[in-house]
Structure formats: structure tokens, C-alpha cells
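Asker: Take a look at data-v5.cif, mmCIF, C-alpha atoms and all ligand atoms:
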data_final
#
loop_
_atom_site.group_PDB
_atom_site.id
_atom_site.type_symbol
_atom_site.label_atom_id
_atom_site.label_comp_id
_atom_site.auth_asym_id
_atom_site.auth_seq_id
_atom_site.Cartn_x
_atom_site.Cartn_y
_atom_site.Cartn_z
ATOM 1 C CA MET N 26 48.444 106.530 -34.515
ATOM 2 C CA GLU N 27 50.843 109.178 -35.868
ATOM 3 C CA SER N 28 53.842 107.016 -34.966
ATOM 4 C CA ILE N 29 52.318 104.020 -36.780
ATOM 5 C CA LEU N 30 51.739 106.106 -39.902
ATOM 6 C CA LYS N 31 55.305 107.423 -39.738
ATOM 7 C CA ALA N 32 56.635 103.852 -39.446
ATOM 8 C CA ILE N 33 54.540 102.752 -42.451
ATOM 9 C CA LYS N 34 55.816 105.676 -44.520
ATOM 10 C CA GLU N 35 59.445 104.926 -43.670
ATOM 11 C CA ALA N 36 59.024 101.196 -44.289
ATOM 12 C CA SER N 37 57.342 101.960 -47.638
ATOM 13 C CA ILE N 38 60.303 104.003 -48.814
ATOM 14 C CA GLU N 39 62.552 101.001 -48.085
ATOM 15 C CA ILE N 40 60.109 98.609 -49.795
ATOM 16 C CA LYS N 41 60.071 100.827 -52.877
ATOM 17 C CA GLN N 42 63.881 100.455 -53.069
ATOM 18 C CA LEU N 43 63.557 96.713 -52.563
ATOM 19 C CA ILE N 44 61.021 96.402 -55.389
ATOM 20 C CA GLU N 45 63.289 98.369 -57.696
ATOM 21 C CA THR N 46 66.430 96.369 -57.064
ATOM 22 C CA GLY N 47 65.512 93.174 -55.180
ATOM 23 C CA ASP N 48 65.570 89.578 -56.362
ATOM 24 C CA THR N 49 62.094 88.539 -57.614
ATOM 25 C CA GLY N 50 62.883 84.837 -57.233
ATOM 26 C CA LYS N 51 61.268 82.250 -54.982
ATOM 27 C CA SER N 52 62.504 81.391 -51.520
ATOM 28 C CA THR N 53 62.489 77.854 -50.139
ATOM 29 C CA ASN N 54 59.770 78.748 -47.572
ATOM 30 C CA GLN N 55 55.998 78.373 -47.722
ATOM 31 C CA ASN N 56 53.442 80.584 -45.961
ATOM 32 C CA SER N 57 50.529 79.312 -43.873
ATOM 33 C CA THR N 58 48.406 78.447 -46.909
ATOM 34 C CA GLY N 59 51.185 76.598 -48.633
ATOM 35 C CA ASP N 60 52.139 79.325 -51.154
ATOM 36 C CA THR N 61 55.849 79.474 -51.856
ATOM 37 C CA GLN N 62 57.072 82.796 -50.526
ATOM 38 C CA LEU N 63 59.043 85.076 -52.781
ATOM 39 C CA LYS N 64 62.249 86.599 -51.480
ATOM 40 C CA LEU N 65 60.509 89.979 -51.849
ATOM 41 C CA ASP N 66 57.684 88.857 -49.516
ATOM 42 C CA ILE N 67 60.148 87.869 -46.824
ATOM 43 C CA ALA N 68 62.320 90.956 -47.175
ATOM 44 C CA SER N 69 59.285 93.333 -47.086
ATOM 45 C CA ASP N 70 57.971 91.530 -44.031
ATOM 46 C CA GLU N 71 61.289 91.966 -42.240
ATOM 47 C CA ILE N 72 61.389 95.681 -43.056
ATOM 48 C CA ILE N 73 57.886 96.295 -41.671
ATOM 49 C CA GLU N 74 58.426 94.162 -38.589
ATOM 50 C CA SER N 75 61.608 96.040 -37.714
ATOM 51 C CA TYR N 76 59.730 99.388 -37.767
ATOM 52 C CA PHE N 77 56.738 98.167 -35.748
ATOM 53 C CA LYS N 78 58.958 96.549 -33.131
ATOM 54 C CA LYS N 79 60.264 100.015 -32.206
ATOM 55 C CA LEU N 80 56.813 101.422 -31.359
ATOM 56 C CA THR N 81 55.652 101.510 -27.749
ATOM 57 C CA ASN N 82 51.946 101.872 -28.613
ATOM 58 C CA VAL N 83 51.851 98.596 -30.573
ATOM 59 C CA LYS N 84 50.702 95.596 -28.576
ATOM 60 C CA SER N 85 51.103 92.923 -31.227
ATOM 61 C CA ILE N 86 51.497 92.391 -34.937
ATOM 62 C CA VAL N 87 50.682 89.624 -37.345
ATOM 63 C CA SER N 88 51.849 89.323 -40.916
ATOM 64 C CA GLU N 89 50.250 87.416 -43.752
ATOM 65 C CA GLU N 90 53.674 85.891 -44.244
ATOM 66 C CA GLN N 91 53.876 84.483 -40.721
ATOM 67 C CA GLU N 92 52.125 81.722 -38.863
ATOM 68 C CA ASN N 93 51.644 83.417 -35.508
ATOM 69 C CA ILE N 94 50.978 86.694 -33.752
ATOM 70 C CA ILE N 95 54.104 88.473 -32.460
ATOM 71 C CA ASP N 96 53.645 90.228 -29.122
ATOM 72 C CA ILE N 97 55.543 93.485 -28.812
ATOM 73 C CA ASN N 98 54.401 95.564 -25.784
ATOM 74 C CA GLU N 99 52.043 94.221 -23.171
ATOM 75 C CA ASN N 100 50.682 97.721 -22.513
ATOM 76 C CA GLY N 101 50.441 98.781 -26.146
ATOM 77 C CA THR N 102 47.083 99.937 -27.551
ATOM 78 C CA TYR N 103 47.130 98.791 -31.163
ATOM 79 C CA LEU N 104 47.227 95.448 -32.918
ATOM 80 C CA ILE N 105 48.369 95.538 -36.533
ATOM 81 C CA ALA N 106 47.699 92.912 -39.192
ATOM 82 C CA TYR N 107 49.518 93.459 -42.455
ATOM 83 C CA ASP N 108 50.167 91.982 -45.861
ATOM 84 C CA PRO N 109 53.699 93.208 -46.620
ATOM 85 C CA LEU N 110 53.647 92.870 -50.405
ATOM 86 C CA ASP N 111 50.314 91.798 -51.827
ATOM 87 C CA GLY N 112 50.501 90.655 -55.446
ATOM 88 C CA SER N 113 54.282 90.218 -55.188
ATOM 89 C CA SER N 114 54.302 87.752 -58.100
ATOM 90 C CA LEU N 115 53.393 90.719 -60.342
ATOM 91 C CA VAL N 116 56.700 92.489 -59.698
ATOM 92 C CA ASP N 117 58.590 90.393 -62.258
ATOM 93 C CA VAL N 118 56.142 91.493 -64.969
ATOM 94 C CA ASN N 119 56.376 95.063 -63.694
ATOM 95 C CA LEU N 120 52.746 95.519 -62.664
ATOM 96 C CA SER N 121 51.678 97.439 -59.563
ATOM 97 C CA VAL N 122 51.688 95.807 -56.132
ATOM 98 C CA GLY N 123 50.875 97.018 -52.641
ATOM 99 C CA SER N 124 51.077 96.716 -48.865
ATOM 100 C CA ILE N 125 47.933 96.547 -46.709
ATOM 101 C CA TYR N 126 47.638 97.322 -42.981
ATOM 102 C CA GLY N 127 44.669 96.838 -40.654
ATOM 103 C CA ILE N 128 44.948 98.532 -37.263
ATOM 104 C CA TYR N 129 42.811 96.994 -34.517
ATOM 105 C CA LYS N 130 42.075 97.520 -30.818
ATOM 106 C CA ASN N 131 41.490 94.767 -28.222
ATOM 107 C CA ASP N 132 41.579 91.844 -30.641
ATOM 108 C CA PHE N 133 41.972 90.964 -34.294
ATOM 109 C CA ASN N 134 38.345 91.167 -35.370
ATOM 110 C CA GLY N 135 36.344 93.061 -38.012
ATOM 111 C CA GLN N 136 34.310 94.952 -35.414
ATOM 112 C CA ASN N 137 37.515 96.196 -33.793
ATOM 113 C CA ILE N 138 39.302 97.660 -36.787
ATOM 114 C CA VAL N 139 39.946 101.341 -36.104
ATOM 115 C CA ALA N 140 42.101 102.412 -39.050
ATOM 116 C CA SER N 141 43.584 101.103 -42.248
ATOM 117 C CA VAL N 142 46.369 101.972 -44.614
ATOM 118 C CA TYR N 143 47.354 100.709 -48.004
ATOM 119 C CA VAL N 144 50.310 101.668 -50.151
ATOM 120 C CA VAL N 145 50.347 101.242 -53.928
ATOM 121 C CA PHE N 146 53.721 100.735 -55.575
ATOM 122 C CA GLY N 147 53.137 101.630 -59.203
ATOM 123 C CA PRO N 148 54.562 104.251 -61.509
ATOM 124 C CA ARG N 149 54.025 106.379 -58.376
ATOM 125 C CA VAL N 150 53.931 105.416 -54.712
ATOM 126 C CA GLU N 151 50.626 106.394 -53.066
ATOM 127 C CA LEU N 152 49.488 105.843 -49.504
ATOM 128 C CA VAL N 153 45.802 105.840 -48.533
ATOM 129 C CA TYR N 154 44.946 106.274 -44.868
ATOM 130 C CA CYS N 155 41.515 105.743 -43.364
ATOM 131 C CA ASP N 156 41.079 106.818 -39.730
ATOM 132 C CA GLY N 157 37.616 105.277 -39.464
ATOM 133 C CA LYS N 158 35.960 108.471 -40.729
ATOM 134 C CA THR N 159 37.673 109.878 -43.805
ATOM 135 C CA VAL N 160 39.932 108.474 -46.519
ATOM 136 C CA LYS N 161 42.998 110.498 -47.424
ATOM 137 C CA MET N 162 45.526 109.921 -50.170
ATOM 138 C CA TYR N 163 49.200 110.917 -50.018
ATOM 139 C CA ARG N 164 51.858 110.639 -52.721
ATOM 140 C CA LEU N 165 55.580 110.066 -52.325
ATOM 141 C CA GLN N 166 57.300 113.107 -53.821
ATOM 142 C CA ASN N 167 60.956 113.890 -53.286
ATOM 143 C CA GLY N 168 61.246 111.585 -50.300
ATOM 144 C CA SER N 169 58.090 112.550 -48.407
ATOM 145 C CA PHE N 170 54.405 111.687 -48.532
ATOM 146 C CA ASN N 171 52.389 114.774 -49.459
ATOM 147 C CA TYR N 172 48.619 115.075 -49.052
ATOM 148 C CA ILE N 173 46.867 114.930 -52.424
ATOM 149 C CA GLN N 174 43.124 114.529 -51.842
ATOM 150 C CA ASP N 175 40.300 112.975 -49.863
ATOM 151 C CA ILE N 176 38.694 109.980 -51.601
ATOM 152 C CA LYS N 177 34.904 109.735 -51.982
ATOM 153 C CA LEU N 178 33.014 107.170 -54.048
ATOM 154 C CA GLN N 179 30.103 108.124 -56.241
ATOM 155 C CA GLU N 180 26.811 106.248 -55.883
ATOM 156 C CA LYS N 181 27.431 104.211 -59.029
ATOM 157 C CA GLY N 182 30.548 103.475 -61.037
ATOM 158 C CA LYS N 183 31.548 102.093 -64.430
ATOM 159 C CA LEU N 184 34.261 99.528 -63.675
ATOM 160 C CA GLN N 185 34.314 95.985 -62.447
ATOM 161 C CA ALA N 186 37.125 93.741 -61.258
ATOM 162 C CA PRO N 187 35.835 90.160 -61.041
ATOM 163 C CA GLY N 188 38.300 87.913 -59.221
ATOM 164 C CA SER N 189 38.885 84.128 -59.025
ATOM 165 C CA THR N 190 38.596 81.259 -61.510
ATOM 166 C CA GLN N 191 35.535 81.726 -63.711
ATOM 167 C CA GLN N 192 35.263 77.985 -64.286
ATOM 168 C CA CYS N 193 34.420 77.657 -60.573
ATOM 169 C CA TRP N 194 31.839 80.455 -60.355
ATOM 170 C CA TYR N 195 28.298 79.595 -59.308
ATOM 171 C CA PRO N 196 25.777 80.271 -62.102
ATOM 172 C CA TYR N 197 24.059 83.158 -60.269
ATOM 173 C CA HIS N 198 27.437 84.822 -59.718
ATOM 174 C CA LYS N 199 28.306 84.498 -63.398
ATOM 175 C CA ALA N 200 24.893 85.902 -64.357
ATOM 176 C CA MET N 201 25.478 88.874 -62.047
ATOM 177 C CA ILE N 202 28.933 89.625 -63.482
ATOM 178 C CA ASP N 203 27.589 89.270 -67.044
ATOM 179 C CA GLY N 204 24.733 91.573 -66.084
ATOM 180 C CA PHE N 205 27.147 94.344 -65.104
ATOM 181 C CA PHE N 206 29.040 93.927 -68.395
ATOM 182 C CA ASN N 207 25.752 93.996 -70.306
ATOM 183 C CA ASP N 208 25.008 97.283 -68.533
ATOM 184 C CA GLY N 209 28.218 98.772 -69.944
ATOM 185 C CA TYR N 210 30.696 98.159 -67.107
ATOM 186 C CA ARG N 211 34.319 97.911 -68.247
ATOM 187 C CA LEU N 212 36.729 95.203 -67.122
ATOM 188 C CA ARG N 213 39.630 96.387 -64.958
ATOM 189 C CA TYR N 214 41.484 93.480 -63.338
ATOM 190 C CA SER N 215 45.247 93.279 -62.902
ATOM 191 C CA GLY N 216 45.336 90.459 -60.333
ATOM 192 C CA GLY N 217 46.660 92.752 -57.609
ATOM 193 C CA MET N 218 43.914 93.715 -55.183
ATOM 194 C CA VAL N 219 45.647 96.908 -54.062
ATOM 195 C CA PRO N 220 45.879 98.564 -57.496
ATOM 196 C CA ASP N 221 42.507 97.085 -58.550
ATOM 197 C CA LEU N 222 40.687 98.491 -55.513
ATOM 198 C CA HIS N 223 42.639 101.750 -55.732
ATOM 199 C CA GLN N 224 41.519 102.215 -59.325
ATOM 200 C CA ILE N 225 37.838 101.742 -58.441
ATOM 201 C CA LEU N 226 38.165 104.194 -55.537
ATOM 202 C CA LEU N 227 39.849 106.859 -57.629
ATOM 203 C CA LYS N 228 37.651 106.468 -60.699
ATOM 204 C CA GLY N 229 34.501 107.052 -58.676
ATOM 205 C CA GLY N 230 33.205 103.537 -58.160
ATOM 206 C CA GLY N 231 32.316 100.116 -59.493
ATOM 207 C CA LEU N 232 32.613 96.605 -58.139
ATOM 208 C CA PHE N 233 35.515 94.384 -57.036
ATOM 209 C CA SER N 234 34.418 90.831 -56.301
ATOM 210 C CA TYR N 235 36.153 87.771 -54.930
ATOM 211 C CA PRO N 236 33.289 85.312 -54.374
ATOM 212 C CA SER N 237 32.791 81.909 -52.869
ATOM 213 C CA THR N 238 33.574 79.388 -55.623
ATOM 214 C CA SER N 239 33.294 75.638 -56.024
ATOM 215 C CA ASP N 240 37.065 75.291 -55.443
ATOM 216 C CA LEU N 241 37.328 77.929 -52.678
ATOM 217 C CA PRO N 242 33.966 78.097 -50.833
ATOM 218 C CA LYS N 243 35.370 80.597 -48.336
ATOM 219 C CA GLY N 244 37.011 82.740 -51.009
ATOM 220 C CA LYS N 245 40.717 83.451 -51.163
ATOM 221 C CA LEU N 246 41.267 86.836 -49.615
ATOM 222 C CA ARG N 247 42.210 86.968 -45.963
ATOM 223 C CA GLN N 248 40.003 88.733 -43.497
ATOM 224 C CA LEU N 249 42.535 90.427 -41.243
ATOM 225 C CA PHE N 250 45.173 91.388 -43.783
ATOM 226 C CA GLU N 251 43.163 92.117 -46.929
ATOM 227 C CA VAL N 252 39.382 92.140 -46.530
ATOM 228 C CA PHE N 253 38.808 94.149 -43.317
ATOM 229 C CA PRO N 254 41.285 96.964 -44.062
ATOM 230 C CA PHE N 255 39.731 97.587 -47.485
ATOM 231 C CA ALA N 256 36.217 97.191 -46.036
ATOM 232 C CA LEU N 257 36.865 100.060 -43.628
ATOM 233 C CA THR N 258 38.307 102.189 -46.425
ATOM 234 C CA TYR N 259 35.383 101.551 -48.786
ATOM 235 C CA LYS N 260 32.776 102.195 -46.087
ATOM 236 C CA CYS N 261 34.425 105.464 -45.064
ATOM 237 C CA ALA N 262 34.674 106.505 -48.727
ATOM 238 C CA GLY N 263 30.866 106.227 -48.929
ATOM 239 C CA GLY N 264 30.647 102.724 -50.417
ATOM 240 C CA GLN N 265 30.091 99.283 -48.922
ATOM 241 C CA ALA N 266 31.923 96.002 -48.361
ATOM 242 C CA VAL N 267 29.927 92.789 -47.956
ATOM 243 C CA ASN N 268 30.411 89.027 -47.986
ATOM 244 C CA GLY N 269 27.404 88.674 -50.317
ATOM 245 C CA PHE N 270 24.841 88.838 -47.523
ATOM 246 C CA SER N 271 25.854 91.528 -45.048
ATOM 247 C CA ASP N 272 28.601 93.879 -43.907
ATOM 248 C CA VAL N 273 31.841 91.928 -44.106
ATOM 249 C CA LEU N 274 33.136 93.627 -40.948
ATOM 250 C CA ASN N 275 30.550 91.702 -38.916
ATOM 251 C CA ILE N 276 32.138 88.344 -39.693
ATOM 252 C CA GLN N 277 33.692 86.593 -36.707
ATOM 253 C CA THR N 278 37.356 85.712 -37.237
ATOM 254 C CA THR N 279 38.245 82.421 -35.613
ATOM 255 C CA HIS N 280 41.762 82.042 -36.954
ATOM 256 C CA ILE N 281 44.195 84.766 -38.026
ATOM 257 C CA HIS N 282 44.448 83.360 -41.546
ATOM 258 C CA ASP N 283 40.669 82.993 -42.143
ATOM 259 C CA THR N 284 39.442 84.022 -45.575
ATOM 260 C CA SER N 285 36.074 85.341 -46.710
ATOM 261 C CA PRO N 286 34.199 85.938 -49.937
ATOM 262 C CA CYS N 287 34.130 89.699 -50.438
ATOM 263 C CA PHE N 288 32.623 92.433 -52.575
ATOM 264 C CA PHE N 289 33.745 96.060 -52.406
ATOM 265 C CA GLY N 290 32.106 98.853 -54.303
ATOM 266 C CA SER N 291 29.872 101.833 -54.532
ATOM 267 C CA ASN N 292 26.306 101.616 -53.230
ATOM 268 C CA TYR N 293 24.521 100.826 -56.466
ATOM 269 C CA GLU N 294 26.670 97.786 -57.297
ATOM 270 C CA ILE N 295 26.766 96.418 -53.752
ATOM 271 C CA ASN N 296 22.984 96.691 -53.438
ATOM 272 C CA LYS N 297 22.743 94.595 -56.620
ATOM 273 C CA VAL N 298 25.117 91.992 -55.123
ATOM 274 C CA LEU N 299 22.996 91.787 -51.955
ATOM 275 C CA GLU N 300 19.847 91.335 -54.033
ATOM 276 C CA VAL N 301 21.366 88.560 -56.192
ATOM 277 C CA TYR N 302 22.905 86.688 -53.258
ATOM 278 C CA LYS N 303 19.756 86.971 -51.137
ATOM 279 C CA ASN N 304 17.817 85.213 -53.847
ATOM 280 C CA ASN N 305 20.434 82.596 -54.703
ATOM 281 C CA GLY N 306 23.262 82.189 -52.218
HETATM 282 O O1 LIG N 401 46.149 88.142 -52.219
HETATM 283 C C1 LIG N 401 46.211 87.556 -53.325
HETATM 284 C C2 LIG N 401 45.885 88.199 -54.671
HETATM 285 O O2 LIG N 401 47.062 88.308 -55.401
HETATM 286 C C3 LIG N 401 45.156 89.566 -54.665
HETATM 287 O O3 LIG N 401 46.023 90.646 -54.678
HETATM 288 C C4 LIG N 401 44.343 89.461 -55.930
HETATM 289 O O4 LIG N 401 43.197 90.285 -55.936
HETATM 290 C C5 LIG N 401 44.001 88.007 -56.000
HETATM 291 O O5 LIG N 401 44.995 87.312 -55.284
HETATM 292 C C6 LIG N 401 43.929 87.480 -57.406
HETATM 293 O O6 LIG N 401 43.465 86.191 -57.386
HETATM 294 P P1 LIG N 401 42.907 85.453 -58.696
HETATM 295 O O7 LIG N 401 44.068 85.325 -59.610
HETATM 296 O O8 LIG N 401 42.419 84.155 -58.179
HETATM 297 O O9 LIG N 401 41.811 86.297 -59.288
#
Would you mind writing the file's structure down as C-alpha cells?
Ligand code: F6P
Answerer:
Amino acid sequence: MESILKAIKEASIEIKQLIETGDTGKSTNQNSTGDTQLKLDIASDEIIESYFKKLTNVKSIVSEEQENIIDINENGTYLIAYDPLDGSSLVDVNLSVGSIYGIYKNDFNGQNIVASVYVVFGPRVELVYCDGKTVKMYRLQNGSFNYIQDIKLQEKGKLQAPGSTQQCWYPYHKAMIDGFFNDGYRLRYSGGMVPDLHQILLKGGGLFSYPSTSDLPKGKLRQLFEVFPFALTYKCAGGQAVNGFSDVLNIQTTHIHDTSPCFFGSNYEINKVLEVYKNNG
């Protein structure tokens, strides 16, 4: 695992340079869900792939930006699913973006995720590593990632990040979100899941939601690249991650680009979600 972390750190330093100086324009390619890829998405993907291809313990990799799994070493132990530059369309307005990595064993499935990493590219570059037990944050300082702190959620937070198009929310979902605001929760939503989830983790807790909606019944966020890595991190930080009804890591992935509704948060908020969805969903 050490070699994977080292590769992610080195790739992140290159991606930071790319974000600072790269072209934020569109490419002529589309990804598997038909989104036009930005040149930054493609370039970040190439950087990460080149580092992972050098590792003997990696069996295969799959990127959100690619259609298929790439096999690397038949005898490797780890399978890595990654989103090279989540929220990349926010770079041209100079908001924070991030990379997400889910590290799996045996197959790409929620039950088999063993570690996760995300990297936030903001005013500072921070890397959060979850080894399946603890959650540790590192910060890029003078060219190296230094340990800063362990991350632990409180039982109840004060922030909420409600994703997706409100027009398409189901009434019970809207009532739940309104309920949190009526209880004093403050809105914190940038449109980049990495900085939005990072903020909730570091400020003690709250709720990030990306529900099933009338336009996207299976949500938008992808299981392998986005949902499962953050689910592991939130669970190990003392919170929960659910699809509305149960632990999101128990979902069966049938295709590498499957999406799922998802809710990440501290215990109080997630228990409320489970209660609301049990009665309505
Ligand atoms: O992965 C896509 C993404 O950009 C996430 O980073 C973010 O949380 C989400 O989409 C925002 O979607 P929406 O604009 O529908 O709330």
C-alpha cells in the first residue's frame, strides 16, 4: 500500500502544476456518460495512469474517464478505481477540485474496498488517507506531504450540502432538507464533492446528499470512483454512508460506471435520513 500512496503523492504534485498552468478548455472526447471531457481531465488521467502502471502490486486500474478496466499485473494484489479530477469544470472559476481513489481487493465491489484516498486541490493541497480503520490528513508543504491530524466526526454537525436539481427532488426529500435548515443547519455546497465532503469532515459533521431524483433515479455519483471511497472514509471517521436505506457499501456493482444515490454524514443526520426514507422511499 505504501507504494500506491507514494505514487498518488507524486501524481498529485504533477496534477497541482497542471491545474495551475494547464488549459481549462474542452477536448473533443466524451466520457462513458456522454460528458465532454476537459483537457485537464484527460491530462490528469494520463499522469495517474503512468504512475500506477509502474507498480508491481497493482492488478488493474479503472478511471472514471475511461470506458474499460486496464489490466496491469496478473499477480498484483490491488485494484484501483479513480476519478482523476472530480469537479474539473470548477477550475476555470478557481474553486477547489479533487482526485478520488478507491483501492479494492479481488474485484471492484463495495464490500471489497480496503482503502481510500482523496486529494483536495484548493488554496492548499491536502491528502486524506483511510486504511480501513483510521482517517489521516496530510498537507503538501515544501514539496512533501506532512501528517497534520487524524479526522474524527462528531455525532452531530451543523452543515449540509444538498446536491442535484431541486426541481427534481421528491417531496419527502425536500421536506427532509428543509427540516435540517429549519433546525439551523447552514448551506455549504460548492458543486465539487471533494471539497464539500472535506469541509463536513473537518468541521465536525453534517450531511452531504445526492439523492435519487425524478431525472436521475439512480443518482449521479459513481459507485466505484466517488461513492465507495468516501463511504469508507466517512465510516472510519465515525460517521455513516447510506443509499437512503442501508450501508451504501453493501450495494452490488454490476457495471464499473454504475451510480447510486448517496448520503454521507455524521450519525445524527444519517439516522434522520434512514428514518425519512424508510417511511417514504
Ligand atoms: O462528479 C460530479 C460532481 O461534480 C461532484 O463533484 C459534485 O458533488 C456533483 O457533481 C454536483 O452535481 P450537481 O451540480 O448536480 O449538484
Asker: Care to translate the PyMOL selection byres (((not hetatm)) within 10 of (chain N and resi 401)) into actual residues of this file, as a count of residues only?
Answerer: 38
Asker: How many Å separate atom CA of N:Val301 from atom CA of N:Leu249?
Answerer: 26.0 Å
Asker: Give me, please, the distance in Å between atom CA of N:Leu184 and atom CA of N:Ala266, quoted to one decimal.
Answerer: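 It comes out at 15.9 Å.
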Asker: Using only C-alpha atoms, which of the listed residues (N:Thr159, N:Ser141, N:Ser69, N:Thr46) sits closest to N:Tyr126?
Answerer: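 Closest residue, counting only C-alpha atoms: N:Ser141.
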Asker: Excluding N:Val160 and residues on its chain fewer than 3 positions from it, collect all residues at most 7 Å away from it, counting all atoms listed in the file, and give them as a ChimeraX atom specification.
Answerer: /N:153-155,175-176,258,261-262
Asker: Write out as a PyMOL selection string the residues lying within 7 Å of stretch 36-43 of chain N, counting only C-alpha atoms and excluding same-chain residues fewer than 3 positions away.
Answerer: chain N and resi 32-33+46-47+69+72-73+76+146
Asker: Can I get the selection written as a tab-separated table (two decimals), in the coordinates of the input, with C-alpha atoms?
Answerer:
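Below you can see again29.tsv, which holds the result:
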chain	number	residue	atom	x	y	z
N	32	ALA	CA	56.64	103.85	-39.45
N	33	ILE	CA	54.54	102.75	-42.45
N	46	THR	CA	66.43	96.37	-57.06
N	47	GLY	CA	65.51	93.17	-55.18
N	69	SER	CA	59.28	93.33	-47.09
N	72	ILE	CA	61.39	95.68	-43.06
N	73	ILE	CA	57.89	96.30	-41.67
N	76	TYR	CA	59.73	99.39	-37.77
N	146	PHE	CA	53.72	100.74	-55.58
Asker: I need the residue set behind the PyMOL selection byres (((chain N and resi 276) around 9) and not hetatm) for this file; please write it as an NGL selection string.
Answerer: :N and (134-136 or 248 or 268 or 271-275 or 277-278 or 285)
Asker: For each of N:Asn98, N:Leu165, N:Glu151, N:Ser291, take the minimum atom-to-atom distance to N:Gln179, counting all atoms listed in the file, then give the residue where this is smallest.
Answerer: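 Closest residue, counting all atoms listed in the file: N:Ser291.
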Asker: Using only C-alpha atoms, can you tell me which of N:Glu300, N:Glu71, N:Glu90, N:Glu35 comes closest to N:Gly59?
Answerer: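 Under the stated criterion, the closest residue is N:Glu90.
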Asker: At what distance in Å, to one decimal, does atom CA of N:Gly229 lie from atom CA of N:Tyr195?
Answerer: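 Interatomic distance, atom CA of N:Tyr195 to atom CA of N:Gly229: 28.2 Å.
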